[in-house]
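Asker: Take this structure first; my questions come after.
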Amino acid sequence: MAAVKSQLEGKCLSEYESKKVLREYGIPLAAETLAKSVDDALAFAERAGYPLVMKVDSPDIPHKTEAGVVKLNIGDAHAVRTAYDDLLKKAKAYDPNASINGVLVQEMVKGGTEVIIGVKKDPQFGPTVLFGLGGIFVEVMKDFSLRIAPISMTEAMEMIDDTKGARILRGVRGRKPADINALCETLVKISLMAIDNKDRISELDLNPVIVLPEGEGVRVVDALIITEQS
Amino acid sequence: MEDIKAIFSPRSIAIFGASSNLNSISGKPLRYLRQHGYEGKIYPINPKYEEIAGIKCYPDLVGLPEIPDLLLVAVSYKRIFNVLEQCTAKSVKNIIVFSSGFAEVGGEGKKLQEKAVEICRNSGIRLLGPNCQGVLNLHENVTAAFSGSLENKPLLAGGTGFVTQSGALGFSIFNLAQEAGVGFSKVVSTGNEADLHSLDFMEYMVEDANTKSLVAYLESVKDGDKFFRIADRALVLGKPIVVLKVGRSAIGQKASASHTGSLTGSDAVFDAFVKQKGLIRVDDIADVIDLAGLIEKTELPEGKGLGIVTTSGGAGILVADRACDLGLDICELPEQACRHISKFIPPFGSDINPVDVTAQVINDPDGFSNVLNTMLSVPGIHGLVIVVTMITGPAGEKMAHDIVMQTKKTDKPIVVAWTGGEKLMGKALQILRDGGVALFKSPVRAVDALGALMKYQVFRKKYLAEKQRSSLDK
C-alpha cells in the first residue's frame, strides 16, 4: 500500500488524523465521527446508540485525559449537548492557541482486554513494534515485547506469547479467551504501516486497543501518531 | 566484496612504519607474518632502515616495486595524512590503521578521523580501523595483526569466523579459544569502524567456505538492514551466529562511546533482532568459547530432544533442571530401550531419561558403550549430555575411550562434563580432547551450549519453512 502523505506533516497528529492513516491499512477502529457541531454529534449518537465517548480532537492536545477533554459514559442526547460545549470550553482553557478540529464522538467499546501497541523508530533497525497489556503491565511491570517491523503472523503470535500478560488474553478464571488471531493480524498490519511510512512516522501509540472475546475482533480506541521532524 | 577479499587474502603486504624492534607494535606484524608462514610478499617501509630481519626495507610507499594488496599503518595518528597521500599516489586500495588517537579520544581526533575517511572515499581507499589490532586468515597464514596472542605457534585453523569491535578483548577471546582447541577461519578487529565495519566482514564470512559459524563481539550495530540480510543468509546456510553484545546498562553504553567511539543502540531492539533471526546471544566470553568449540566439533542437532546419561543421579537432576529451563525436550525412552539399558545398570540406577548408570556401569566392559549406543539410537534423542563423576584410573580411561568411539560413530552431538579435577582425571580428559570430544567445565555449561544449538536448529527449520511458504505465496 502506498504511503499516506497528505496527513503526515507537523509534529503530532490529532486522534482523528492518526486514525485516518490506520484506516488506510484496514486496522479495526472503534466506530466514531468527527463532529463539527452539536447536530453532527447527535446524528452520530442516533445511529450508533449509547453510551458514547466524546473527546476534543486537536493536534495540539495529544494527552487528552490530562487536559480533561475526554468524557466517558455519555448516556443520552442531553448529555451529548452538555458535553460538546463543556469539552470545547475546557480545551480553550487548557490551551487557548490550540487548533481544534472538532469533537470526536465514539462508541464505547464494552468488555474485552485493554492492550497497548506502539511503534518507535530505531536508528539502526528502523521501525519497531511494541506490544503489552494495558494498565500497569507495560508501564509498571515492564511486561512488553518488541519486534522489528515488518513481522509475520508467526512472529506476532510469538511476541504476544513473550509477555506474561498473554495468559490473561488466553483466558483465565472463567474469562473467555480473547481474539488473539485478530490481535495478531492487527500487529502485522501496523508493522506494515510502520514500514511504508518509516520516513514520516517516528512514533505511534495505540492506547488502548481493546481485544474482544474470540471471534469479535479488536478495536483501536485511541491513537496518536508523532511524525518525523524534517 | 573484493576489498574484503584483499584484506583477508593479500598477495602482498606493506608495513608503513615497520620497526626493527620486532617486539614493538610496529615490529610484531612482520615477525608474526614470517613466523606463521605467510607466503606473500612483505614490504617494510621505514626510511631509517635498509632492511629489517633480512627483508629489504623501503624509504617510502611510492618506491615499492609493486602496489601492495594491503598496507598496514603503524605510525602515529599525526602522520595519517602523509600516509594517505602516498596511498593515493601509489594507488593502494586497502589499508589497516592500527594507530589510535582518532574518534575514540573525541574532539580533534574525531575531526581527524572524518577527514581521513573523506580522503579515503575520494581516493577509493578502503580503511579498516583506526584503533584496531588487525586481521587473521588462519587457512592462508595471514597474520596482519600485532596481538600478543599470535605468540602461540601453531595457530589452529578451523571453522570459526570472528569479528570483534574490541581488539584487546577480542584477541584475548581468540587466545583462550585457541588454547581450548577452537580453530578459527578468519578474525578481524574493527576498531573505530571509520570506514569498513563489522557487518562488512560478517557479510564476507557468511559466504566463506572455511567458515562454519560466526562469532561477534559487538558494542554497536551500524546497519540494521544489512545485519538482517546477513542473518538470513546465515540461517539458509546453517551457520550459527553467536553474539556477545555489550552495553546493556547505561554505564556500559557510556563506556562504549569512549572505547571505540561507538554509540550503542537500544538493547531491547537488539534483543528483538536476536529473536527474529535466531542469533545466539551470550553473556560472557566463556559461553563464546563453549559454543564455538561445540560447533567446531559436531554437527548441528536435528531437534531439541535431549538424552542425559550420568554416573550420578544428582548430576542427572542438575542437567534435567537446566534443560527444562531452556525449553528442551527430555524425551521418554521407548520401553525396549529402557529394558536394554536396565541390563547394564544396577537396580538403584535409572533406566529412564535422565539415565543414571551409576559407578557400577564399569563392571561390564561393554556396559557404558551399550547404554550410549542405545540412547543414541532413539529417534527422539537429537543430542546427548554425558556427565561422569569420580571415575578415576583405568576405569575412567575406558569410559573416555567409549565416549570417543560413540562420538565418532554418530552424527548426533555429544557433550561431556567430567566433574573431576585435572590431577585425578587428567588422563581420561586428555583421551576425550584427543578424540575431538566436546568437553565442558560443568554440566550446566555443557547443556547450555548444546541447548543453544538445539534451539537454533528448531528456530532455523521453522524459519526456513516459513520463508519457503511466503516465497510460494508470492
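Ligands are numbered from 1 in the order shown, residues from 1 within each chain, and chains are lettered A, B, ... in the order they appear in the C-alpha cells.
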Could you pull out the strand (DSSP E or B) residues of range 21-72 of chain A, going by DSSP on the backbone, and write them as a compact mmCIF listing (two decimals) with N, CA and C atoms, in the first residue's frame?
Answerer:
# COMPACT_ATOMS: atom_id res chain seq x y z
N LEU A 29 -11.06 0.00 13.91
CA LEU A 29 -11.19 1.13 14.83
C LEU A 29 -12.56 1.11 15.49
N GLU A 32 -16.72 5.89 15.02
CA GLU A 32 -16.66 7.26 15.51
C GLU A 32 -16.93 8.26 14.40
N THR A 33 -17.17 9.49 14.80
CA THR A 33 -17.29 10.56 13.81
C THR A 33 -16.62 11.80 14.37
N LEU A 34 -16.14 12.65 13.47
CA LEU A 34 -15.60 13.93 13.94
C LEU A 34 -16.72 14.96 13.80
N ALA A 35 -17.30 15.34 14.93
CA ALA A 35 -18.44 16.26 14.90
C ALA A 35 -17.93 17.70 14.88
N LEU A 52 -21.72 6.61 24.87
CA LEU A 52 -20.71 7.10 23.94
C LEU A 52 -19.55 7.74 24.70
N VAL A 53 -18.47 7.95 23.95
CA VAL A 53 -17.33 8.70 24.49
C VAL A 53 -17.20 9.95 23.64
N MET A 54 -16.90 11.08 24.25
CA MET A 54 -16.61 12.28 23.46
C MET A 54 -15.27 12.86 23.88
N LYS A 55 -14.50 13.28 22.90
CA LYS A 55 -13.18 13.88 23.22
C LYS A 55 -12.83 14.95 22.19
N VAL A 56 -12.11 15.94 22.64
CA VAL A 56 -11.70 17.03 21.75
C VAL A 56 -10.62 16.53 20.81
N ASP A 57 -10.76 16.84 19.52
CA ASP A 57 -9.77 16.41 18.54
C ASP A 57 -8.87 17.56 18.15
N VAL A 70 -11.78 14.60 27.76
CA VAL A 70 -12.41 13.32 27.41
C VAL A 70 -13.60 13.12 28.35
N LYS A 71 -14.73 12.70 27.79
CA LYS A 71 -15.89 12.38 28.64
C LYS A 71 -16.40 10.99 28.27
N LEU A 72 -16.48 10.14 29.30
CA LEU A 72 -16.92 8.76 29.08
C LEU A 72 -18.39 8.61 29.45
Asker: Write out as an mmCIF file with N, CA and C atoms, in the first residue's frame which residues come within 12 Å of Gly349 in chain B when counting only C-alpha atoms, dropping same-chain ones fewer than 4 positions away.
Answerer:
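As a result, result_36.cif now contains:
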data_model
loop_
_atom_site.group_PDB
_atom_site.id
_atom_site.type_symbol
_atom_site.label_atom_id
_atom_site.label_comp_id
_atom_site.auth_asym_id
_atom_site.auth_seq_id
_atom_site.Cartn_x
_atom_site.Cartn_y
_atom_site.Cartn_z
ATOM 1 N N VAL B 309 22.879 -38.928 30.147
ATOM 2 C CA VAL B 309 23.474 -40.115 30.758
ATOM 3 C C VAL B 309 24.491 -39.644 31.796
ATOM 4 N N THR B 310 24.326 -40.112 33.014
ATOM 5 C CA THR B 310 25.261 -39.699 34.064
ATOM 6 C C THR B 310 25.680 -40.905 34.905
ATOM 7 N N THR B 311 26.748 -40.691 35.656
ATOM 8 C CA THR B 311 27.123 -41.711 36.631
ATOM 9 C C THR B 311 26.656 -41.284 38.019
ATOM 10 N N SER B 312 25.790 -40.266 38.044
ATOM 11 C CA SER B 312 25.310 -39.748 39.327
ATOM 12 C C SER B 312 23.895 -39.236 39.156
ATOM 13 N N GLY B 313 23.006 -39.713 40.023
ATOM 14 C CA GLY B 313 21.622 -39.259 39.965
ATOM 15 C C GLY B 313 21.536 -37.754 40.126
ATOM 16 N N GLY B 314 22.384 -37.205 40.982
ATOM 17 C CA GLY B 314 22.376 -35.763 41.246
ATOM 18 C C GLY B 314 22.695 -34.972 39.986
ATOM 19 N N GLY B 316 22.265 -35.909 37.004
ATOM 20 C CA GLY B 316 21.142 -36.050 36.074
ATOM 21 C C GLY B 316 20.056 -35.029 36.355
ATOM 22 N N CYS B 338 14.655 -48.876 27.379
ATOM 23 C CA CYS B 338 14.761 -48.960 28.846
ATOM 24 C C CYS B 338 15.179 -50.356 29.270
ATOM 25 N N ILE B 341 18.805 -50.940 28.481
ATOM 26 C CA ILE B 341 19.689 -50.188 29.380
ATOM 27 C C ILE B 341 19.727 -50.832 30.769
ATOM 28 N N SER B 342 18.566 -51.305 31.219
ATOM 29 C CA SER B 342 18.484 -51.845 32.584
ATOM 30 C C SER B 342 19.397 -53.066 32.775
ATOM 31 N N LYS B 343 19.759 -53.702 31.669
ATOM 32 C CA LYS B 343 20.652 -54.870 31.774
ATOM 33 C C LYS B 343 22.049 -54.476 32.267
ATOM 34 N N PHE B 344 22.427 -53.212 32.030
ATOM 35 C CA PHE B 344 23.808 -52.821 32.332
ATOM 36 C C PHE B 344 23.944 -51.983 33.594
ATOM 37 N N ILE B 345 22.834 -51.686 34.215
ATOM 38 C CA ILE B 345 22.936 -50.823 35.397
ATOM 39 C C ILE B 345 22.284 -51.496 36.598
ATOM 40 N N ASN B 353 15.174 -41.632 31.089
ATOM 41 C CA ASN B 353 15.883 -40.394 30.796
ATOM 42 C C ASN B 353 15.526 -39.343 31.850
ATOM 43 N N PRO B 354 16.437 -38.758 32.630
ATOM 44 C CA PRO B 354 17.887 -38.933 32.607
ATOM 45 C C PRO B 354 18.338 -40.305 33.142
ATOM 46 N N VAL B 355 19.200 -40.945 32.366
ATOM 47 C CA VAL B 355 19.685 -42.268 32.731
ATOM 48 C C VAL B 355 20.853 -42.135 33.700
ATOM 49 N N ASP B 356 20.771 -42.854 34.797
ATOM 50 C CA ASP B 356 21.873 -42.874 35.767
ATOM 51 C C ASP B 356 22.485 -44.262 35.736
ATOM 52 N N VAL B 357 23.668 -44.359 35.152
ATOM 53 C CA VAL B 357 24.289 -45.683 35.016
ATOM 54 C C VAL B 357 25.024 -46.078 36.299
ATOM 55 N N THR B 358 25.222 -45.133 37.203
ATOM 56 C CA THR B 358 25.984 -45.293 38.451
ATOM 57 C C THR B 358 27.428 -45.708 38.161
ATOM 58 N N ALA B 359 28.239 -45.666 39.186
ATOM 59 C CA ALA B 359 29.653 -46.031 39.027
ATOM 60 C C ALA B 359 29.813 -47.511 38.690
ATOM 61 N N GLN B 360 28.769 -48.293 38.920
ATOM 62 C CA GLN B 360 28.886 -49.740 38.675
ATOM 63 C C GLN B 360 28.832 -50.125 37.209
ATOM 64 N N VAL B 361 28.543 -49.154 36.361
ATOM 65 C CA VAL B 361 28.465 -49.456 34.932
ATOM 66 C C VAL B 361 29.792 -50.032 34.435
#
Asker: Kindly assemble as CSV a list of the chain A residues that lie within 10 Å of chain B, each paired with its nearest atom pair and their distance in Å to one decimal, using only C-alpha atoms, sorted first by chain and then by ascending residue number.
Answerer:
residue,atom,partner,partner_atom,distance
A:Lys121,CA,B:Val269,CA,9.9
A:Asp122,CA,B:Val269,CA,7.5
A:Pro123,CA,B:Gly265,CA,7.6
A:Gln124,CA,B:Gly224,CA,4.9
A:Phe125,CA,B:Gly224,CA,4.2
A:Gly126,CA,B:Gly224,CA,7.4
A:Pro127,CA,B:Val269,CA,9.8
A:Thr128,CA,B:Val269,CA,7.4
A:Val129,CA,B:Val269,CA,9.6
A:Leu130,CA,B:Val269,CA,10.0
A:Ser145,CA,B:Ala272,CA,8.1
A:Leu146,CA,B:Ala272,CA,5.8
A:Arg147,CA,B:Ala272,CA,4.9
A:Ile148,CA,B:Ala272,CA,6.5
A:Ala149,CA,B:Phe273,CA,10.0
A:Ile151,CA,B:Gln276,CA,8.8
A:Ser152,CA,B:Glu466,CA,9.3
A:Thr154,CA,B:Glu466,CA,8.8
A:Glu155,CA,B:Gln276,CA,7.5
A:Glu158,CA,B:Lys275,CA,9.6
A:Met159,CA,B:Ala272,CA,9.3
Asker: Let me see the file: selected residues, C-alpha atoms, as an mmCIF file, in the first residue's frame.
Answerer:
data_model
loop_
_atom_site.group_PDB
_atom_site.id
_atom_site.type_symbol
_atom_site.label_atom_id
_atom_site.label_comp_id
_atom_site.auth_asym_id
_atom_site.auth_seq_id
_atom_site.Cartn_x
_atom_site.Cartn_y
_atom_site.Cartn_z
ATOM 1 C CA LYS A 121 11.871 4.024 15.106
ATOM 2 C CA ASP A 122 15.294 2.686 15.990
ATOM 3 C CA PRO A 123 18.186 4.494 14.306
ATOM 4 C CA GLN A 124 19.834 1.208 13.262
ATOM 5 C CA PHE A 125 16.987 -1.254 12.801
ATOM 6 C CA GLY A 126 14.154 1.034 11.677
ATOM 7 C CA PRO A 127 10.566 0.859 12.951
ATOM 8 C CA THR A 128 9.922 -1.483 15.856
ATOM 9 C CA VAL A 129 6.560 -2.678 17.154
ATOM 10 C CA LEU A 130 5.813 -2.882 20.861
ATOM 11 C CA SER A 145 7.694 -7.393 23.909
ATOM 12 C CA LEU A 146 9.338 -5.786 20.948
ATOM 13 C CA ARG A 147 9.934 -6.805 17.328
ATOM 14 C CA ILE A 148 11.489 -5.138 14.338
ATOM 15 C CA ALA A 149 8.964 -4.410 11.580
ATOM 16 C CA ILE A 151 6.506 -9.013 11.301
ATOM 17 C CA SER A 152 4.729 -12.168 10.170
ATOM 18 C CA THR A 154 4.016 -16.275 13.485
ATOM 19 C CA GLU A 155 6.193 -13.507 14.855
ATOM 20 C CA GLU A 158 5.428 -15.177 19.422
ATOM 21 C CA MET A 159 5.596 -11.594 20.551
#
Asker: Going by DSSP on the backbone, which bits of range 130-337 of chain B are helix (DSSP H, G or I)? Write them as a VMD selection string, please.
Answerer: chain B and resid 148 to 151 167 to 179 198 to 207 224 to 237 250 to 259 267 to 276 285 to 297 313 to 326 335 to 337
Asker: Limited to C-alpha atoms, could you put the picked residues into a file as a PDB file, in the first residue's frame?
Answerer:
ATOM      1  CA  GLY B 148      50.358 -10.939  21.606  1.00  0.00           C
ATOM      2  CA  SER B 149      48.004 -13.886  21.082  1.00  0.00           C
ATOM      3  CA  LEU B 150      49.996 -14.580  17.920  1.00  0.00           C
ATOM      4  CA  GLU B 151      52.991 -15.698  20.005  1.00  0.00           C
ATOM      5  CA  GLY B 167      40.793  -5.544  19.719  1.00  0.00           C
ATOM      6  CA  ALA B 168      42.183  -6.321  23.159  1.00  0.00           C
ATOM      7  CA  LEU B 169      39.228  -8.312  24.421  1.00  0.00           C
ATOM      8  CA  GLY B 170      38.667  -9.933  21.051  1.00  0.00           C
ATOM      9  CA  PHE B 171      42.174 -11.248  20.675  1.00  0.00           C
ATOM     10  CA  SER B 172      42.170 -12.494  24.251  1.00  0.00           C
ATOM     11  CA  ILE B 173      38.994 -14.434  23.457  1.00  0.00           C
ATOM     12  CA  PHE B 174      40.839 -15.708  20.400  1.00  0.00           C
ATOM     13  CA  ASN B 175      43.748 -16.807  22.568  1.00  0.00           C
ATOM     14  CA  LEU B 176      41.569 -18.542  25.166  1.00  0.00           C
ATOM     15  CA  ALA B 177      39.619 -20.290  22.444  1.00  0.00           C
ATOM     16  CA  GLN B 178      42.771 -21.384  20.635  1.00  0.00           C
ATOM     17  CA  GLU B 179      44.165 -22.864  23.820  1.00  0.00           C
ATOM     18  CA  SER B 198      31.851  -5.372  11.447  1.00  0.00           C
ATOM     19  CA  LEU B 199      28.969  -6.203   9.170  1.00  0.00           C
ATOM     20  CA  ASP B 200      31.080  -5.802   6.024  1.00  0.00           C
ATOM     21  CA  PHE B 201      33.279  -8.591   7.357  1.00  0.00           C
ATOM     22  CA  MET B 202      30.396 -10.725   8.581  1.00  0.00           C
ATOM     23  CA  GLU B 203      28.814 -10.422   5.159  1.00  0.00           C
ATOM     24  CA  TYR B 204      32.010 -11.804   3.655  1.00  0.00           C
ATOM     25  CA  MET B 205      32.492 -14.534   6.251  1.00  0.00           C
ATOM     26  CA  VAL B 206      28.967 -15.885   5.969  1.00  0.00           C
ATOM     27  CA  GLU B 207      29.723 -16.833   2.346  1.00  0.00           C
ATOM     28  CA  GLY B 224      20.285  -2.990  10.818  1.00  0.00           C
ATOM     29  CA  ASP B 225      19.091  -3.872   7.306  1.00  0.00           C
ATOM     30  CA  LYS B 226      22.454  -5.328   6.416  1.00  0.00           C
ATOM     31  CA  PHE B 227      22.534  -7.374   9.615  1.00  0.00           C
ATOM     32  CA  PHE B 228      19.073  -8.714   8.693  1.00  0.00           C
ATOM     33  CA  ARG B 229      20.339  -9.852   5.314  1.00  0.00           C
ATOM     34  CA  ILE B 230      23.448 -11.457   6.787  1.00  0.00           C
ATOM     35  CA  ALA B 231      21.429 -13.256   9.453  1.00  0.00           C
ATOM     36  CA  ASP B 232      19.013 -14.503   6.802  1.00  0.00           C
ATOM     37  CA  ARG B 233      21.874 -15.896   4.699  1.00  0.00           C
ATOM     38  CA  ALA B 234      23.429 -17.477   7.762  1.00  0.00           C
ATOM     39  CA  LEU B 235      20.142 -19.252   8.523  1.00  0.00           C
ATOM     40  CA  VAL B 236      19.850 -20.501   4.962  1.00  0.00           C
ATOM     41  CA  LEU B 237      23.433 -21.798   5.065  1.00  0.00           C
ATOM     42  CA  ALA B 250      23.513   2.895  30.919  1.00  0.00           C
ATOM     43  CA  ILE B 251      27.049   2.895  32.320  1.00  0.00           C
ATOM     44  CA  GLY B 252      28.134   0.243  29.834  1.00  0.00           C
ATOM     45  CA  GLN B 253      26.760   2.366  26.996  1.00  0.00           C
ATOM     46  CA  LYS B 254      28.669   5.412  28.167  1.00  0.00           C
ATOM     47  CA  ALA B 255      31.879   3.408  28.395  1.00  0.00           C
ATOM     48  CA  SER B 256      31.333   2.159  24.872  1.00  0.00           C
ATOM     49  CA  ALA B 257      31.179   5.680  23.460  1.00  0.00           C
ATOM     50  CA  SER B 258      34.671   6.435  24.742  1.00  0.00           C
ATOM     51  CA  HIS B 259      36.022   2.981  23.917  1.00  0.00           C
ATOM     52  CA  ASP B 267      19.369  -3.201  23.854  1.00  0.00           C
ATOM     53  CA  ALA B 268      15.697  -4.188  23.715  1.00  0.00           C
ATOM     54  CA  VAL B 269      15.711  -3.649  19.963  1.00  0.00           C
ATOM     55  CA  PHE B 270      18.843  -5.736  19.572  1.00  0.00           C
ATOM     56  CA  ASP B 271      17.186  -8.489  21.579  1.00  0.00           C
ATOM     57  CA  ALA B 272      14.197  -8.343  19.242  1.00  0.00           C
ATOM     58  CA  PHE B 273      16.560  -8.776  16.310  1.00  0.00           C
ATOM     59  CA  VAL B 274      18.213 -11.736  18.048  1.00  0.00           C
ATOM     60  CA  LYS B 275      14.807 -13.386  18.475  1.00  0.00           C
ATOM     61  CA  GLN B 276      13.657 -12.709  14.932  1.00  0.00           C
ATOM     62  CA  ILE B 285      33.448 -14.998  26.830  1.00  0.00           C
ATOM     63  CA  ALA B 286      33.285 -18.480  28.368  1.00  0.00           C
ATOM     64  CA  ASP B 287      29.981 -19.017  26.521  1.00  0.00           C
ATOM     65  CA  VAL B 288      31.545 -17.841  23.277  1.00  0.00           C
ATOM     66  CA  ILE B 289      34.328 -20.395  23.609  1.00  0.00           C
ATOM     67  CA  ASP B 290      31.944 -23.186  24.669  1.00  0.00           C
ATOM     68  CA  LEU B 291      29.724 -22.616  21.661  1.00  0.00           C
ATOM     69  CA  ALA B 292      32.429 -22.029  19.081  1.00  0.00           C
ATOM     70  CA  GLY B 293      34.145 -25.193  20.312  1.00  0.00           C
ATOM     71  CA  LEU B 294      30.982 -27.257  20.107  1.00  0.00           C
ATOM     72  CA  ILE B 295      30.096 -26.057  16.614  1.00  0.00           C
ATOM     73  CA  GLU B 296      33.671 -26.840  15.534  1.00  0.00           C
ATOM     74  CA  LYS B 297      33.476 -30.375  16.811  1.00  0.00           C
ATOM     75  CA  GLY B 313      21.622 -39.259  39.965  1.00  0.00           C
ATOM     76  CA  GLY B 314      22.376 -35.763  41.246  1.00  0.00           C
ATOM     77  CA  ALA B 315      24.110 -34.723  38.045  1.00  0.00           C
ATOM     78  CA  GLY B 316      21.142 -36.050  36.074  1.00  0.00           C
ATOM     79  CA  ILE B 317      18.756 -33.834  38.015  1.00  0.00           C
ATOM     80  CA  LEU B 318      21.046 -30.823  37.623  1.00  0.00           C
ATOM     81  CA  VAL B 319      21.132 -31.263  33.857  1.00  0.00           C
ATOM     82  CA  ALA B 320      17.401 -32.016  33.628  1.00  0.00           C
ATOM     83  CA  ASP B 321      16.527 -28.846  35.565  1.00  0.00           C
ATOM     84  CA  ARG B 322      18.619 -26.700  33.266  1.00  0.00           C
ATOM     85  CA  ALA B 323      17.296 -28.416  30.160  1.00  0.00           C
ATOM     86  CA  CYS B 324      13.728 -27.706  31.303  1.00  0.00           C
ATOM     87  CA  ASP B 325      14.584 -24.049  31.940  1.00  0.00           C
ATOM     88  CA  LEU B 326      15.909 -23.876  28.396  1.00  0.00           C
ATOM     89  CA  GLU B 335      10.233 -49.405  26.509  1.00  0.00           C
ATOM     90  CA  GLN B 336      12.656 -51.566  24.589  1.00  0.00           C
ATOM     91  CA  ALA B 337      15.477 -49.076  25.099  1.00  0.00           C
TER      92      ALA B 337
END
Asker: Range 44-47 of chain A: which residues within 12 Å, counting only C-alpha atoms, same-chain residues fewer than 5 positions away excluded, as a count of residues only?
Answerer: 26
Asker: Which of these, A:Leu22, A:Ala194, A:Ala48, A:Leu42, has the shortest distance to Thr82 in chain A once you count only C-alpha atoms?
Answerer: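 Of all the options, A:Leu42 lies closest to Thr82 in chain A.
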Asker: So, with only C-alpha atoms as the atoms that count, which of B:Ile241, B:Ala194, B:Ile95, B:Ala180 lies closest to Ile4 in chain B?
Answerer: B:Ile95
Asker: Have a look at B:Met375, B:Leu300, B:Ile80, B:Ala395 and name the one nearest to Cys331 in chain B; count only C-alpha atoms.
Answerer: B:Met375
Asker: Just the residues within 12 Å of Gln86 in chain B, please, counting only C-alpha atoms, with nothing from its chain fewer than 5 positions along; format it as a compact mmCIF listing (two decimals) with C-alpha atoms, in the first residue's frame.
Answerer:
# COMPACT_ATOMS: atom_id res chain seq x y z
CA PHE B 16 54.19 1.55 6.96
CA ILE B 45 58.55 0.82 4.93
CA PRO B 59 62.03 4.55 2.49
CA ASP B 60 58.51 5.29 1.30
CA LEU B 61 55.42 3.67 -0.15
CA VAL B 62 55.87 5.13 -3.59
CA GLY B 63 59.23 3.39 -4.04
CA LEU B 64 57.75 -0.12 -3.70
CA ILE B 67 51.19 -1.94 -5.47
CA LEU B 71 49.01 -1.74 3.71
CA VAL B 73 49.76 1.53 9.08
CA ARG B 79 51.15 11.18 10.14
CA ILE B 80 47.90 9.78 8.75
CA PHE B 81 47.53 12.39 6.02
CA SER B 91 47.00 3.57 -5.87
CA VAL B 92 46.94 1.47 -2.72
CA LYS B 93 43.36 0.33 -2.17
CA ILE B 95 44.74 -0.21 4.46
CA ILE B 119 40.31 11.31 1.66
CA CYS B 120 39.83 7.53 1.51
CA SER B 123 40.80 8.06 -3.50
CA ILE B 125 40.79 3.50 -0.44
Asker: For Leu328 in chain B, list every protein, DNA or RNA residue within 7 Å, evaluated using only C-alpha atoms, and leave out those in the same chain fewer than 5 positions away; present the list as JSON, numbers by chain.
Answerer: {"B": [304, 305, 306, 323, 451]}
